[in-house]
Structures are given as structure tokens and as C-alpha cells.
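Structure, as C-alpha cells:
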2 protein chains.
Amino acid sequence: MKEKIVDYIESNRDRFLEELFGLLQIPSISARSEHKEDMYKTAEYLKKSLLDAGADSAEVMPTDGHPVVYGEKIIDPSKPTVMVYGHYDVQPVEPLDLWKSEPFKPEIRDGKIWARGADDDKGQLYMHVKAFEFLVSEGELPCNVKFMIEGEEEVGSPNLGKFCKENKEKLKSDIILVSDTTMIGQDAPSITTGLRGLSYMEVEVTGPNRDLHSGLYGGAVANPINMLAKMIASLTDENNRITIPGFYDDVIEVSKEEREEMAKAPFDVEKYKKEIDIDEVVGEKGFSTIERTGIRPSLDVNGIWGGYTGEGAKTVLPSKAYAKISMRLVPNQKSEKIDKLFINHFESIAPPGVRVKARKLHGGEGYVSPTDQPAYRAASKAYEEAFGIKPIPFRSGGSIPIIPLFEEVLGVKSILMGFGLESDAIHSPNENYPLWNFFKGIETIPLFYKHYSEMAK
Amino acid sequence: MKEKIVDYIESNRDRFLEELFGLLQIPSISARSEHKEDMYKTAEYLKKSLLDAGADSAEVMPTDGHPVVYGEKIIDPSKPTVMVYGHYDVQPVEPLDLWKSEPFKPEIRDGKIWARGADDDKGQLYMHVKAFEFLVSEGELPCNVKFMIEGEEEVGSPNLGKFCKENKEKLKSDIILVSDTTMIGQDAPSITTGLRGLSYMEVEVTGPNRDLHSGLYGGAVANPINMLAKMIASLTDENNRITIPGFYDDVIEVSKEEREEMAKAPFDVEKYKKEIDIDEVVGEKGFSTIERTGIRPSLDVNGIWGGYTGEGAKTVLPSKAYAKISMRLVPNQKSEKIDKLFINHFESIAPPGVRVKARKLHGGEGYVSPTDQPAYRAASKAYEEAFGIKPIPFRSGGSIPIIPLFEEVLGVKSILMGFGLESDAIHSPNENYPLWNFFKGIETIPLFYKHYSEMAK
């Protein structure tokens with residue numbers, strides 16, 4: 001089958017890219033209300049793509065937020081059903097001045113596709129559409145296929161839980177197949193077996209009821225920025241451990257044996273530092289870099305603002321300061337519990353002279369994907385055939401809050417076949433996706449269908 | 001003379017306001033390069049105002065930055081010369097959404113003029129133009145008058161030192177008269193006898209060379225916002241004292257007697273807290289609120305920014321974080337020395353994994369104005385006649401960096417007759433200036449000329 005796929009890709013290469021570029025050109029930024037129309041446009045584009053690729057039916061289904069695209073091809077109800085999950089929404093693009101080419105004018109340079117969403121997740125998602133097209137057009141489809149493509153992943157999938165509950169019968173499947181993660185390298189394929197959870201907050205610190213003159217008041221009135229800085233600083237200690245009481249209570253300490261196993265994954269810390277141009281890696285004392293992102297929680301300020309931020313000097317003692325603060329959680333830490341611990345703690349450490357509010361923006365649970373399920377074994381075999389190398393099971397630091405929700409609501413496990421690279425700069429300026437990865441994904445996916453259909457019988 | 005002034009104001013009240021509104025309508029924001037044309041427009045407006053008010057000559061004099069407006073009326077070289085200093089530039093207006101009326105469309109509500117610059121310094125400055133007009137038109141001018149009105153006070157007067165040096169002869173005078181400060185209240189006139197110095201910095205913290213995904217990297221890479229928060233937090237200790245080594249070395253400890261004298265000034269801390277809606281005043285341990293802004297230095301973050309600050313949640317570990325940090329200094333602390341102490345200290349406390357840069361944006365020295373000089377006695381008498389109350393000598397927390405420079409370059413003392421109120425919200429949204437203060441200023445100023453000319457003979 002592999003040669004047939006390679007031939008098919010070779011013959012349709014330009015068309016595949018042209019179609020993907022059409023998808024990448026629509027600025028489907030879910031966090032920005034001004035892009036509401038673009039979300040519908042993108043959903044319609046994908047509906048047509050699914051029908052063109054061979055789906056029996058496809059529809060744009062409304063939710064309380066951005067719509068979900070659903071499509072399916074049922075060849076035989078007695079055969080296994082694979083449901084592909086992906087998302088058509090993308091992250092905001094600021095700061096725009098750091099992009100070398102425009103985020104919504106995709107182009108190819110140095111063997112890579114450059115655009116917002118090139119990897120996350122339009123590029124990875126579209127591999128599935130094209131792999132499906134191959135299977136249908138060549139008469140090789142061995143099982144039933146469903147597609148559920150949402151438009152709110154980058155804002156925490158606020159409406160997908162409800163959507164799944166309301167469409168439980170329609171979404172019935174044996175495995176959920178997701179490409180929204182990275183692999184270690186082009187020569188080191190990997191399958192993501194763990195994801196971190198997320199608890200994402202916005203905090204507001206209010207001092208005086210209006211901006212004051214820092215000369216007339218400075219030294220006598222608590223400055224909300226200074227106070228916010230003190231509060232943020234106190235959230236981690238000198239060992240880079242998070243100081244919120246109870247934060248680590250549910251963290252499962254990974255065994256020595258499993259940590260030794262993890263340490264065998266190919267990882268070059270010097271290369272890692274060089275790639276992002278830092279002098280030192282910094283994190284929780286007693287853990288390696290891979291452990292810090294794989295099996296340990298973290299706390300990052302994702303944004304901060306307050307006072308005068310324009311050109312020149314303005315001598316203001318501002319009324320308010322804000323920050324977005326998120327915590328990555330490990331499996332067994334519950335996002336809602338952490339939300340509460342954070343909010344209670346943060347409001348309790350408000351210094352004199354200011355008022356503090358914290359509220360949740362979004363969140364989700366961590367996830368562990370077992371390596372002894374048929375889907376893992378099928379995926380492993382598919383990678384081995386396509387790449388010539390057996391893939392490594394790998395715990396990622398990222399979060400896909402919907403994955404644990406699928407298990408909870410639909411009772412279905414997910415398999416995370418990510419083809420991205422860490423250098424793809426997802427969520428950053430100059431997001432990109434190597435052509436090699438895009439086509440290698442299209443090559444690997446049909447092999448998964450083949451092996452999974454046999455193993456899951 | 002007082003009644004004559006009151007009559008003159010009464011007869012010309014509407015015209016005075018109309019002229020001031022014309023001045024307030026020009027958006028002369030010195031910090032923003034796009035307002036360069038507006039600066040010239042404002043300078044020309046003032047040149048015409050001075051000529052209309054009776055100046056022998058007036059001119060717009062170029063500098064390397066925004067121009068200076070100079071005008072004079074010399075009645076007799078053997079008589080004393082008063083030079084009025086003011087500034088026609090204003091602070092930026094952000095955040096715009098907090099203004100109740102547009103900053104450059106002045107209007108009168110509740111007996112106050114609402115506009116950017118209504119007080120600082122267009123309103124206060126224009127009182128002098130109208131007081132001068134009264135003295136000339138009524139044949140009451142007792143001395144020579146010069147006007148020097150600059151356009152860069154809000155950005156630290158970078159070119160005025162050079163301007164003074166190059167025009168030393170032209171600017172020769174016996175006293176410099178300035179209205180750019182506040183008084184304690186409408187029923188508590190005061191003369192500012194002290195100003196704090198300023199050292200204003202911008203700092204930049206750089207972590208990785210690009211924005212990273214906080215899931216994939218969070219916990220393993222130093223986050224520049226978290227690090228900036230830790231650095232800012234460390235700049236003050238639990239007693240709200242500044243921790244920069246050597247910072248307090250040149251601070252003159254004010255004597256017990258002088259502190260007792262200061263404590264007699266009318267000050268109601270409950271009213272102060274209520275007016276700006278704070279629960280507690282916060283500042284250096286061991287000092288009162290008046291002392292904290294009058295005789296003690298302070299450190300405020302005037303602005304902070306980094307990462308994602310838009311709507312919704314973006315899981316970014318940003319490449320950079322920035323802050324504007326300023327210190328108010330007391331007389332005898334040298335601004336340049338503090339600049340160096342700050343920069344060296346701040347760069348030295350850079351945590352592992354980030355790079356830190358600090359640079360000076362602007363600064364100036366503190367100032368003490370003696371109460372035993374003729375100008376102080378003349379001003380005191382003028383206030384007493386106009387207000388019916390003897391004014392209080394008062395040390396302000398603000399800075400007018402040019403005042404100590406005048407003494408250094410021109411060898412001339414300044415007298416600070418400020419008619420603003422703390423509630424005028426200068427540098428903030430909804431800047432305002434009560435009509436009462438505007439007209440009371442025009443009434444007081446000619447009395448100063450009269451008494452000063454007699455006392456300085």
C-alpha cells in the first residue's frame with residue numbers, strides 16, 4: 001500500500017498544496033470577535049473539502065460559539081469506526097512586525113509552508129482529508145470514517161463538550177485520531193502518550209480609582225503594577241516550585257524506572273538552547289528539561305499590561321494592572337480544583353492598598369494515552385513503515401483539553417499522531433510546516449487505517 | 001489694585017476662556033512624533049497671544065526638538081525683570097475610553113474646564129498671559145517681563161538647557177515665575193518650596209529568541225515576564241524602602257523640627273484615601289503621607305507590557321517583557337548618579353536564562369526654593385490679598401527638572417506659584433481645571449508683580 005500512496009501524493013502534490021493554501025488564507029482567529037464571518041467561511045471550505053474527498057455527507061453544525069464541521073463515510077456498520085478530530089481555528093498573529101511574510105498569505109520558502117495555521121492545526125488536519133481522499137478514490141478504505149472539526153480549540157473549546165453530549169450517537173466511534181501535536185524530529189518519529197492539563201487565569205489589580213501623577217502621589221499610594229509584580233514573583237520559589245498551597249497535592253510522582261526510560265529519548269540540551277538562543281535552561285529543581293515539560297506542572301505569565309506603554313516617558317501611577325497567568329497541569333491534577341486554589345490564593349495575597357480579582361479564562365485536564373491499546377500498536381506499525389524507524393512514546397508539555405473530555409463524554413480513547421516539529425513556531429510569528437512533514441503525514445495515516453482495522457476487529 | 005483686576009476679569013471673562021479653549025484644542029503631545037506640526041501650531045498661537053497681550057516682541061525660536069516661544073516687554077532696564085516660564089506641550093491621553101469628553105475638545109461642566117492641558121500647563125500658563133495683558137492695558141506694569149514657553153517639559157526638556165546657555169543674555173532676569181504646581185486647596189493656598197528630582201528608566205528583559213508555546217516549553221525555559229516581575233519585586237523591601245545599593249546615600253534626613261513643622265499643614269488622610277478610593281495609604285515605614293511624597297524618594301513602575309494582552313487566552317511564553325520604571329528623588333540626590341546605580345543594579349540582578357537591558361528615558365534634579373527671598377515674601381503677600389489667607393510653604397512630590405537647571409545655567413531662582421489642585425487629574429484621563437482657580441490665578445499674579453517690584457528694588 002505504501003508505494004501506492006507515495007505515487008498518489010506525487011501525482012497530486014500541487015493540487016494538495018493549492019487546496020491547503022486556500023484554507024490557510026482565511027484568517028480564522030477564534031479569539032477575535034471580528035473574525036466571526038471568517039469562521040463560517042473556513043467551516044464551509046472544509047465541508048466542501050470533505051465532500052470532494054469522498055464523504056457521504058458533510059455539514060456545518062452551529063454551536064453557541066463557532067460552528068463544528070462534521071462529515072462521514074460509513075462503509076459497513078459492522079466495521080470499526082475512526083473519528084478524526086481537528087480544529088480549523090488559529091491563534092492570533094501579534095506581534096505582526098515579526099512575521100517575515102504575511103500570516104494569511106501562505107508561501108513556500110526553504111522547503112516549508114509559512115502561514116498562521118500551517119501546522120496548528122490546518123496543515124495537520126488537511127493531511128487527514130487528503131489521506132481519506134486517497135483511501136476512498138483508490139478503493140482502499142478499510143473502515144468507517146467520521147470527521148469532527150471544531151473552531152474553538154485555541155480558546156479552550158467552550159462549546160465542544162455540549163456538542164458531544166448532544167450528538168453522542170452521531171459521534172459514536174472506536175478511536176479518535178488526532179494530529180495536533182509534535183514529534184521529536186523527522187528522523188525520530190514519536191507518538192504523544194501524555195498531555196498536560198491547563199488552568200488559564202486573568203488577574204486584575206486595582207489601586208487608586210484613576211491614574212495618578214507619580215510625582216504627586218508616588219511613595220504614598222500602592223502602585224498596582226509594583227504590587228502585581230510582587231504577587232507574581234511570590235508564586236514561585238527559589239527552586240522554581242509553585243507556592244500555591246495544595247498545588248502539588250495531586251501530582252503523581254513518576255517512578256524512577258519511568259524517569260530512566262524517559263531519559264533515553266534523544267534530546268540534546270545544547271541544541272535546544274541554541275535553537276531558541278538562551279544561555280541556560282531554567283525550571284523546577286531536581287528535574288531534567290524533558291521532565292519539566294512532560295511530567296511536571298508549570299506556571300507562566302502569558303501576558304502583562306498596565307500604565308503607560310507608548311513611546312517616551314509618562315509619569316503615571318496607574319489605576320490598574322493586569323496579567324494572564326496559566327498553569328500547565330499533569331494528569332491527575334484537576335483543572336477546576338487548581339482554578340479554585342489559584343483564585344483563592346491570589347486574592348488572599350493582595351497587598352494592602354490594592355484590590356485583586358482573578359477569574360478563569362479557560363482550562364482542561366491532562367491525559368495519558370495507553371501504549372497497550374490496538375490504536376497505539378497500529379500507529380506504531382504505520383510510522384515504522386512510513387519512516388523506517390519505530391516511533392518513541394512521548395509525553396508532551398502541551399494541552400488539548402478536549403482529549404480527556406472525549407473519554408469522559410463519548411467514552412472513546414484518542415490516539416495522537418502528531419507530525420509537527422517544535423521548530424514550527426506554532427502560536428508564534430513565522431509559524432511554518434515543512435513540506436516533508438505534510439506529505440509524510442499523508443503517507444503514514446492510511447497505513448494506520450489499514451493496521452487499525454485489522455487489529456481492532 | 002485688586003478691585004481693578006477683579007473688574008477687568010469680569011469684563012473679559014468670556015474672551016479669556018475662548019482664547020484658552022483655542023489653545024487647548026491643539027493636540028500638542030510632545031512625546032508623539034506625529035504631533036510635530038501641532039507643536040508649531042501651538043507655539044504660533046502663543047506668539048500671537050503674547051503680542052496681542054502687549055509684548056514688544058515675540059518669536060518662535062527653533063531648538064533641536066520642539067520650539068520655544070519667547071516674548072518680552074522691557075519698560076525700563078533699571079527695573080527688575082520677571083521671567084515667566086511655562087510649557088505648551090501636554091501628556092499623552094491614553095486610555096482614551098476613560099475620558100468623559102474628548103481631551104482636545106474642551107468643555108465646561110460643574111464649574112471646571114475639562115481637557116488635556118486644562119491645568120498642566122496650558123491653563124496655568126495662560127493665566128500669566130492674561131495677567132500680563134491686564135498690567136499692560138491698565139498701565140500698571142511695574143517691571144520688565146519676559147516669557148519663555150517651552151514645548152518639551154513632558155518629555156524631560158531635553159533641549160532647554162542648551163537653549164538657555166545659547167540665549168543667556170536674552171534670558172537675563174531677576175526671578176523666574178512658574179505656575180506648574182498645585183496648591184493644597186482653594187481655601188488653603190500654598191507656595192511650592194521643594195520639588196523632587198526624577199530618574200526615569202525603560203527596561204527590557206529577553207528570554208528565548210521568539211515567542212514560544214507555553215505548553216511545549218513552559219517549566220523548562222525562563223519566562224521574561226515572570227523574571228521581570230521578580231526583578232521589580234526585589235527593588236523594594238518589606239518596609240517599602242528601595243533596595244538599590246547606595247540609593248539613599250545622598251538623601252538628607254530632614255530634622256525632627258522641620259518634620260514637626262510639616263505635620264502642621266492641613267492634611268486629612270481619610271479625605272485623601274476617599275478621594276482616590278483606596279483602603280490604605282502605603283509607603284516607606286516611619287514616614288507620614290506628606291513626608292513620603294515631600295521629603296522621601298520613591299520608585300514606581302509607570303508602565304509594563306509583554307506577551308499576549310488582547311481578548312481571550314493565548315498560551316504564549318513570550319520572548320520579551322518591558323517596563324518603564326521611575327524614581328522620584330529628593331534634593332541632594334543627583335539624577336545622573338541614580339541613573340547609573342539603577343542601571344548597574346538592574347542589569348546585575350538579571351536571573352539565569354534571560355538578558356536584561358536598562359536605559360535612561362529622562363530625568364532631572366530636585367529643588368528647594370528658599371522662603372527668605374523677596375520673591376517668596378512678595379508671592380506670600382499676593383496670595384494673602386487675593387485669597388484672604390496666608391499661604392503655606394509646601395514641598396511637592398512632583399518634578400520640574402528645568403527649575404534646578406535654571407539656577408545652574410542662568411543663575412536665577414524660581415518662585416513656584418501653582419494654582420492647580422490634586423483633583424485636577426493631570427497626566428490622567430479627565431484632566432480638568434476649576435474656573436475658580438483659573439480666574440483666581442489671574443487675580444493673584446499682578447499682585448505678585450506689584451509687591452515683587454517694590455521688594456526687589
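Going by the C-alpha cells order, chains are called A, B, ..., each with residues numbered from 1, while ligands are numbered from 1 in the order shown.
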Pull out every residue of chain A that has at least one atom within 6 Å of chain B, counting only C-alpha atoms, and report them as a PyMOL selection string. chain A and resi 31+208-209+211+215-216+218-222+229-230+233+276-283+289+292-293+298+302-309+312+316-317+353+397-398+428
Any chance you can output those residues with N, CA and C atoms as a short mmCIF file (atom, residue, chain, number, x, y, z; two decimals), in the first residue's frame?
```cif
data_model
loop_
_atom_site.label_atom_id
_atom_site.label_comp_id
_atom_site.auth_asym_id
_atom_site.auth_seq_id
_atom_site.Cartn_x
_atom_site.Cartn_y
_atom_site.Cartn_z
N ALA A 31 -10.25 33.76 18.77
CA ALA A 31 -10.28 34.64 19.95
C ALA A 31 -10.81 36.04 19.63
N PRO A 208 -5.59 53.09 43.05
CA PRO A 208 -6.47 54.26 43.10
C PRO A 208 -7.53 54.19 42.01
N ASN A 209 -8.59 54.98 42.14
CA ASN A 209 -9.70 54.92 41.19
C ASN A 209 -9.41 55.59 39.86
N ASP A 211 -5.82 57.03 37.18
CA ASP A 211 -4.38 57.17 37.04
C ASP A 211 -3.93 58.43 37.79
N GLY A 215 4.55 61.75 40.52
CA GLY A 215 5.32 62.66 41.36
C GLY A 215 4.53 63.07 42.59
N LEU A 216 3.28 63.44 42.36
CA LEU A 216 2.47 63.94 43.47
C LEU A 216 2.09 62.83 44.44
N GLY A 218 3.54 59.38 44.22
CA GLY A 218 4.49 58.27 44.27
C GLY A 218 5.18 58.17 45.62
N GLY A 219 5.12 57.00 46.22
CA GLY A 219 5.72 56.79 47.53
C GLY A 219 4.69 56.71 48.63
N ALA A 220 3.46 57.21 48.33
CA ALA A 220 2.42 57.24 49.36
C ALA A 220 1.23 56.35 49.03
N VAL A 221 1.14 55.94 47.77
CA VAL A 221 -0.03 55.15 47.32
C VAL A 221 0.49 53.87 46.67
N ALA A 222 -0.10 52.74 47.03
CA ALA A 222 0.32 51.46 46.46
C ALA A 222 0.13 51.49 44.94
N ALA A 229 3.61 42.78 40.37
CA ALA A 229 4.94 42.16 40.23
C ALA A 229 5.28 41.37 41.49
N LYS A 230 5.01 41.94 42.65
CA LYS A 230 5.32 41.23 43.91
C LYS A 230 4.47 39.95 44.02
N ALA A 233 5.80 37.40 41.53
CA ALA A 233 7.11 36.90 41.99
C ALA A 233 6.93 35.86 43.09
N ILE A 276 16.66 28.22 20.51
CA ILE A 276 15.85 29.35 20.99
C ILE A 276 16.73 30.45 21.59
N ASP A 277 18.04 30.30 21.46
CA ASP A 277 19.02 31.33 21.86
C ASP A 277 18.91 31.72 23.35
N ILE A 278 19.01 30.74 24.20
CA ILE A 278 19.08 31.03 25.63
C ILE A 278 20.38 30.47 26.20
N ASP A 279 20.88 31.10 27.27
CA ASP A 279 22.15 30.67 27.87
C ASP A 279 21.97 29.47 28.78
N GLU A 280 20.81 29.42 29.41
CA GLU A 280 20.58 28.36 30.39
C GLU A 280 19.14 27.91 30.31
N VAL A 281 18.91 26.61 30.55
CA VAL A 281 17.53 26.17 30.78
C VAL A 281 17.23 26.42 32.25
N VAL A 282 15.98 26.78 32.53
CA VAL A 282 15.59 27.13 33.90
C VAL A 282 14.27 26.43 34.22
N GLY A 283 14.22 25.73 35.35
CA GLY A 283 12.98 25.08 35.73
C GLY A 283 13.09 24.45 37.10
N THR A 289 15.04 18.80 31.60
CA THR A 289 14.19 19.60 30.72
C THR A 289 13.00 18.80 30.21
N ARG A 292 10.59 18.42 33.00
CA ARG A 292 9.94 19.68 33.37
C ARG A 292 8.73 19.98 32.48
N THR A 293 8.82 19.61 31.20
CA THR A 293 7.66 19.86 30.33
C THR A 293 6.76 18.63 30.21
N SER A 298 3.70 23.57 35.51
CA SER A 298 4.46 24.82 35.37
C SER A 298 3.51 26.00 35.50
N ASN A 302 1.48 34.70 30.67
CA ASN A 302 1.37 34.73 29.22
C ASN A 302 1.23 36.14 28.68
N GLY A 303 0.87 37.06 29.56
CA GLY A 303 0.75 38.46 29.14
C GLY A 303 0.63 39.34 30.36
N ILE A 304 1.12 40.57 30.24
CA ILE A 304 1.02 41.52 31.35
C ILE A 304 0.87 42.91 30.76
N TRP A 305 0.05 43.75 31.37
CA TRP A 305 -0.09 45.11 30.88
C TRP A 305 -0.62 46.03 31.98
N GLY A 306 -0.22 47.30 31.86
CA GLY A 306 -0.69 48.30 32.82
C GLY A 306 0.10 49.58 32.64
N GLY A 307 -0.55 50.72 32.94
CA GLY A 307 0.14 52.00 32.89
C GLY A 307 0.42 52.45 31.47
N TYR A 308 1.46 53.25 31.31
CA TYR A 308 1.77 53.84 30.02
C TYR A 308 2.77 52.97 29.28
N THR A 309 2.41 52.55 28.06
CA THR A 309 3.28 51.63 27.34
C THR A 309 3.65 52.18 25.97
N GLY A 312 8.20 57.14 24.65
CA GLY A 312 8.57 58.18 25.60
C GLY A 312 8.20 57.87 27.04
N VAL A 316 3.13 58.28 35.28
CA VAL A 316 1.82 57.90 35.78
C VAL A 316 1.94 56.82 36.86
N LEU A 317 1.09 56.94 37.85
CA LEU A 317 0.92 55.86 38.82
C LEU A 317 -0.46 55.30 38.46
N GLY A 353 -3.72 48.23 50.21
CA GLY A 353 -3.81 49.37 49.30
C GLY A 353 -4.27 49.04 47.90
N GLY A 397 4.37 18.54 26.64
CA GLY A 397 4.01 19.53 27.64
C GLY A 397 2.74 20.29 27.33
N GLY A 398 2.27 20.16 26.09
CA GLY A 398 1.09 20.92 25.67
C GLY A 398 -0.20 20.35 26.24
N SER A 428 3.37 31.42 17.45
CA SER A 428 4.38 32.48 17.36
C SER A 428 4.34 33.10 15.98
#
```
Every residue of stretch 219-278 of chain A that DSSP places in alpha helix (DSSP H), as a PyMOL selection string: chain A and resi 224-233+256-262+269-276
Could you pull out the strand (DSSP E or B) residues of stretch 182-396 of chain B, going by DSSP on the backbone, and write them as a ChimeraX atom specification? /B:182,185,188,190-195,197-206,212-213,236,242,298-307,316-317,320-329,355-364,367-368,392-395
Considering only C-alpha atoms, state which residue in the set A:Thr192, A:Asn332, A:Gln124, A:Thr63 is at the smallest distance from A:Leu24.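 Using only C-alpha atoms, A:Leu24 sits closest to A:Gln124.
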Do you know which residues are at most 12 Å from stretch 11-22 of chain B counting only C-alpha atoms, after dropping those on the same chain fewer than 3 positions away, and could you put them as a ChimeraX atom specification? /B:4-8,25-27,41-42,44-46,48-50,52-53,88,103-108,112-119,121-131,133-134,433-436,438-440,442
Could the residues in this selection be saved with N, CA and C atoms as a short mmCIF file (atom, residue, chain, number, x, y, z; two decimals), in the first residue's frame?
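New file part06.cif:
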```cif
data_model
loop_
_atom_site.label_atom_id
_atom_site.label_comp_id
_atom_site.auth_asym_id
_atom_site.auth_seq_id
_atom_site.Cartn_x
_atom_site.Cartn_y
_atom_site.Cartn_z
N LYS B 4 -9.54 96.51 40.74
CA LYS B 4 -9.36 96.81 39.31
C LYS B 4 -9.18 95.50 38.53
N ILE B 5 -8.39 94.58 39.12
CA ILE B 5 -8.18 93.28 38.45
C ILE B 5 -9.50 92.51 38.36
N VAL B 6 -10.20 92.46 39.49
CA VAL B 6 -11.45 91.71 39.53
C VAL B 6 -12.43 92.24 38.48
N ASP B 7 -12.49 93.58 38.36
CA ASP B 7 -13.36 94.18 37.34
C ASP B 7 -12.92 93.78 35.94
N TYR B 8 -11.60 93.85 35.72
CA TYR B 8 -11.06 93.54 34.40
C TYR B 8 -11.39 92.10 34.01
N GLN B 25 -7.36 73.25 22.19
CA GLN B 25 -7.83 72.40 21.09
C GLN B 25 -6.69 71.80 20.26
N ILE B 26 -5.49 72.36 20.41
CA ILE B 26 -4.38 71.84 19.59
C ILE B 26 -3.70 70.70 20.36
N PRO B 27 -3.66 69.48 19.76
CA PRO B 27 -3.12 68.32 20.48
C PRO B 27 -1.60 68.29 20.53
N LYS B 41 2.11 74.76 15.60
CA LYS B 41 0.83 75.47 15.59
C LYS B 41 0.57 76.10 16.96
N THR B 42 0.84 75.34 18.02
CA THR B 42 0.63 75.84 19.38
C THR B 42 1.57 76.99 19.69
N GLU B 44 2.92 79.08 17.57
CA GLU B 44 2.48 80.28 16.84
C GLU B 44 1.27 80.92 17.53
N TYR B 45 0.40 80.07 18.04
CA TYR B 45 -0.79 80.56 18.74
C TYR B 45 -0.36 81.40 19.94
N LEU B 46 0.64 80.91 20.67
CA LEU B 46 1.09 81.63 21.86
C LEU B 46 1.85 82.90 21.52
N LYS B 48 1.26 84.84 19.04
CA LYS B 48 0.22 85.83 18.75
C LYS B 48 -0.43 86.30 20.05
N SER B 49 -0.68 85.36 20.97
CA SER B 49 -1.29 85.73 22.26
C SER B 49 -0.44 86.74 23.01
N LEU B 50 0.87 86.52 22.99
CA LEU B 50 1.78 87.43 23.72
C LEU B 50 1.76 88.82 23.07
N ASP B 52 -0.65 90.10 21.22
CA ASP B 52 -1.96 90.69 21.49
C ASP B 52 -2.06 91.23 22.91
N ALA B 53 -1.38 90.54 23.85
CA ALA B 53 -1.47 90.95 25.26
C ALA B 53 -0.60 92.15 25.56
N TYR B 88 3.94 74.54 26.75
CA TYR B 88 2.72 74.37 25.96
C TYR B 88 2.50 72.93 25.53
N PRO B 103 -10.44 64.74 24.88
CA PRO B 103 -9.36 65.50 25.52
C PRO B 103 -9.02 66.82 24.81
N PHE B 104 -9.24 66.87 23.50
CA PHE B 104 -8.90 68.11 22.79
C PHE B 104 -10.14 68.86 22.30
N LYS B 105 -11.28 68.54 22.92
CA LYS B 105 -12.48 69.35 22.73
C LYS B 105 -12.90 69.88 24.09
N PRO B 106 -12.25 70.98 24.54
CA PRO B 106 -12.50 71.46 25.90
C PRO B 106 -13.97 71.80 26.10
N GLU B 107 -14.47 71.50 27.30
CA GLU B 107 -15.82 71.94 27.62
C GLU B 107 -15.91 72.25 29.11
N ILE B 108 -16.95 73.02 29.47
CA ILE B 108 -17.14 73.39 30.87
C ILE B 108 -18.28 72.57 31.44
N LYS B 112 -15.89 73.47 35.93
CA LYS B 112 -14.49 73.16 35.61
C LYS B 112 -14.29 73.09 34.10
N ILE B 113 -13.06 73.38 33.69
CA ILE B 113 -12.68 73.20 32.29
C ILE B 113 -12.12 71.79 32.15
N TRP B 114 -12.67 70.99 31.22
CA TRP B 114 -12.22 69.61 31.02
C TRP B 114 -11.47 69.51 29.70
N ALA B 115 -10.18 69.17 29.76
CA ALA B 115 -9.37 68.98 28.55
C ALA B 115 -7.97 68.57 28.97
N ARG B 116 -7.27 67.86 28.09
CA ARG B 116 -5.84 67.63 28.32
C ARG B 116 -5.15 68.98 28.29
N GLY B 117 -4.38 69.29 29.32
CA GLY B 117 -3.69 70.57 29.42
C GLY B 117 -4.50 71.66 30.10
N ALA B 118 -5.74 71.36 30.51
CA ALA B 118 -6.59 72.37 31.14
C ALA B 118 -5.85 72.99 32.33
N ASP B 119 -5.16 72.15 33.11
CA ASP B 119 -4.31 72.64 34.19
C ASP B 119 -2.86 72.68 33.71
N ASP B 121 -0.04 72.38 31.16
CA ASP B 121 0.23 73.62 31.85
C ASP B 121 -0.41 74.76 31.08
N LYS B 122 -1.24 74.40 30.07
CA LYS B 122 -1.83 75.47 29.24
C LYS B 122 -2.71 76.39 30.08
N GLY B 123 -3.52 75.81 30.96
CA GLY B 123 -4.41 76.62 31.78
C GLY B 123 -3.63 77.54 32.72
N GLN B 124 -2.67 76.97 33.40
CA GLN B 124 -1.89 77.76 34.35
C GLN B 124 -1.04 78.80 33.62
N LEU B 125 -0.51 78.41 32.47
CA LEU B 125 0.32 79.31 31.69
C LEU B 125 -0.47 80.50 31.17
N TYR B 126 -1.70 80.21 30.73
CA TYR B 126 -2.48 81.28 30.10
C TYR B 126 -2.95 82.32 31.11
N MET B 127 -3.03 81.95 32.38
CA MET B 127 -3.30 82.93 33.44
C MET B 127 -2.25 84.05 33.39
N HIS B 128 -1.00 83.65 33.12
CA HIS B 128 0.08 84.64 33.09
C HIS B 128 -0.06 85.59 31.90
N VAL B 129 -0.48 85.02 30.77
CA VAL B 129 -0.65 85.87 29.58
C VAL B 129 -1.74 86.92 29.86
N LYS B 130 -2.81 86.45 30.51
CA LYS B 130 -3.93 87.38 30.77
C LYS B 130 -3.61 88.37 31.91
N ALA B 131 -2.84 87.94 32.91
CA ALA B 131 -2.41 88.86 33.98
C ALA B 131 -1.51 89.95 33.38
N GLU B 133 -1.59 90.95 30.22
CA GLU B 133 -2.47 91.81 29.43
C GLU B 133 -3.11 92.88 30.31
N PHE B 134 -3.59 92.46 31.49
CA PHE B 134 -4.20 93.42 32.42
C PHE B 134 -3.20 94.51 32.80
N TYR B 433 -9.61 71.75 35.23
CA TYR B 433 -9.09 72.91 35.96
C TYR B 433 -10.31 73.75 36.34
N PRO B 434 -10.54 73.95 37.64
CA PRO B 434 -11.72 74.73 38.03
C PRO B 434 -11.61 76.17 37.51
N LEU B 435 -12.73 76.69 37.03
CA LEU B 435 -12.77 78.09 36.59
C LEU B 435 -12.32 79.01 37.72
N TRP B 436 -12.72 78.64 38.93
CA TRP B 436 -12.37 79.45 40.10
C TRP B 436 -10.85 79.64 40.20
N PHE B 438 -8.62 79.24 37.79
CA PHE B 438 -8.10 79.96 36.63
C PHE B 438 -8.21 81.47 36.87
N PHE B 439 -9.39 81.91 37.30
CA PHE B 439 -9.57 83.36 37.48
C PHE B 439 -8.87 83.86 38.74
N LYS B 440 -8.78 83.01 39.78
CA LYS B 440 -8.08 83.42 41.00
C LYS B 440 -6.58 83.59 40.70
N ILE B 442 -5.33 84.59 37.79
CA ILE B 442 -5.18 85.86 37.05
C ILE B 442 -5.26 87.04 38.03
#
```
Polymer residues at most 7 Å from A:Thr444, only C-alpha atoms, same-chain spacing of 5 or more positions, as a count of residues only: 3
Can you list, as a VMD selection string, every protein, DNA or RNA residue that comes within 7 Å of B:Val251 when you count only C-alpha atoms, leaving out same-chain residues fewer than 3 positions away? chain B and resid 248 330 332 to 333
When you look at B:Ile74 with a cut-off of 10 Å (counting only C-alpha atoms), what residues show up, excluding the ones that are within fewer than 6 positions of it in the same chain? I need them as number ranges by chain. B: 55-57, 80-81, 143-146
Between atom CA of B:Pro142 and atom CA of B:Ile75, what distance in Å does the model show, to one decimal?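 That distance, rounded to one decimal, is 8.3 Å.
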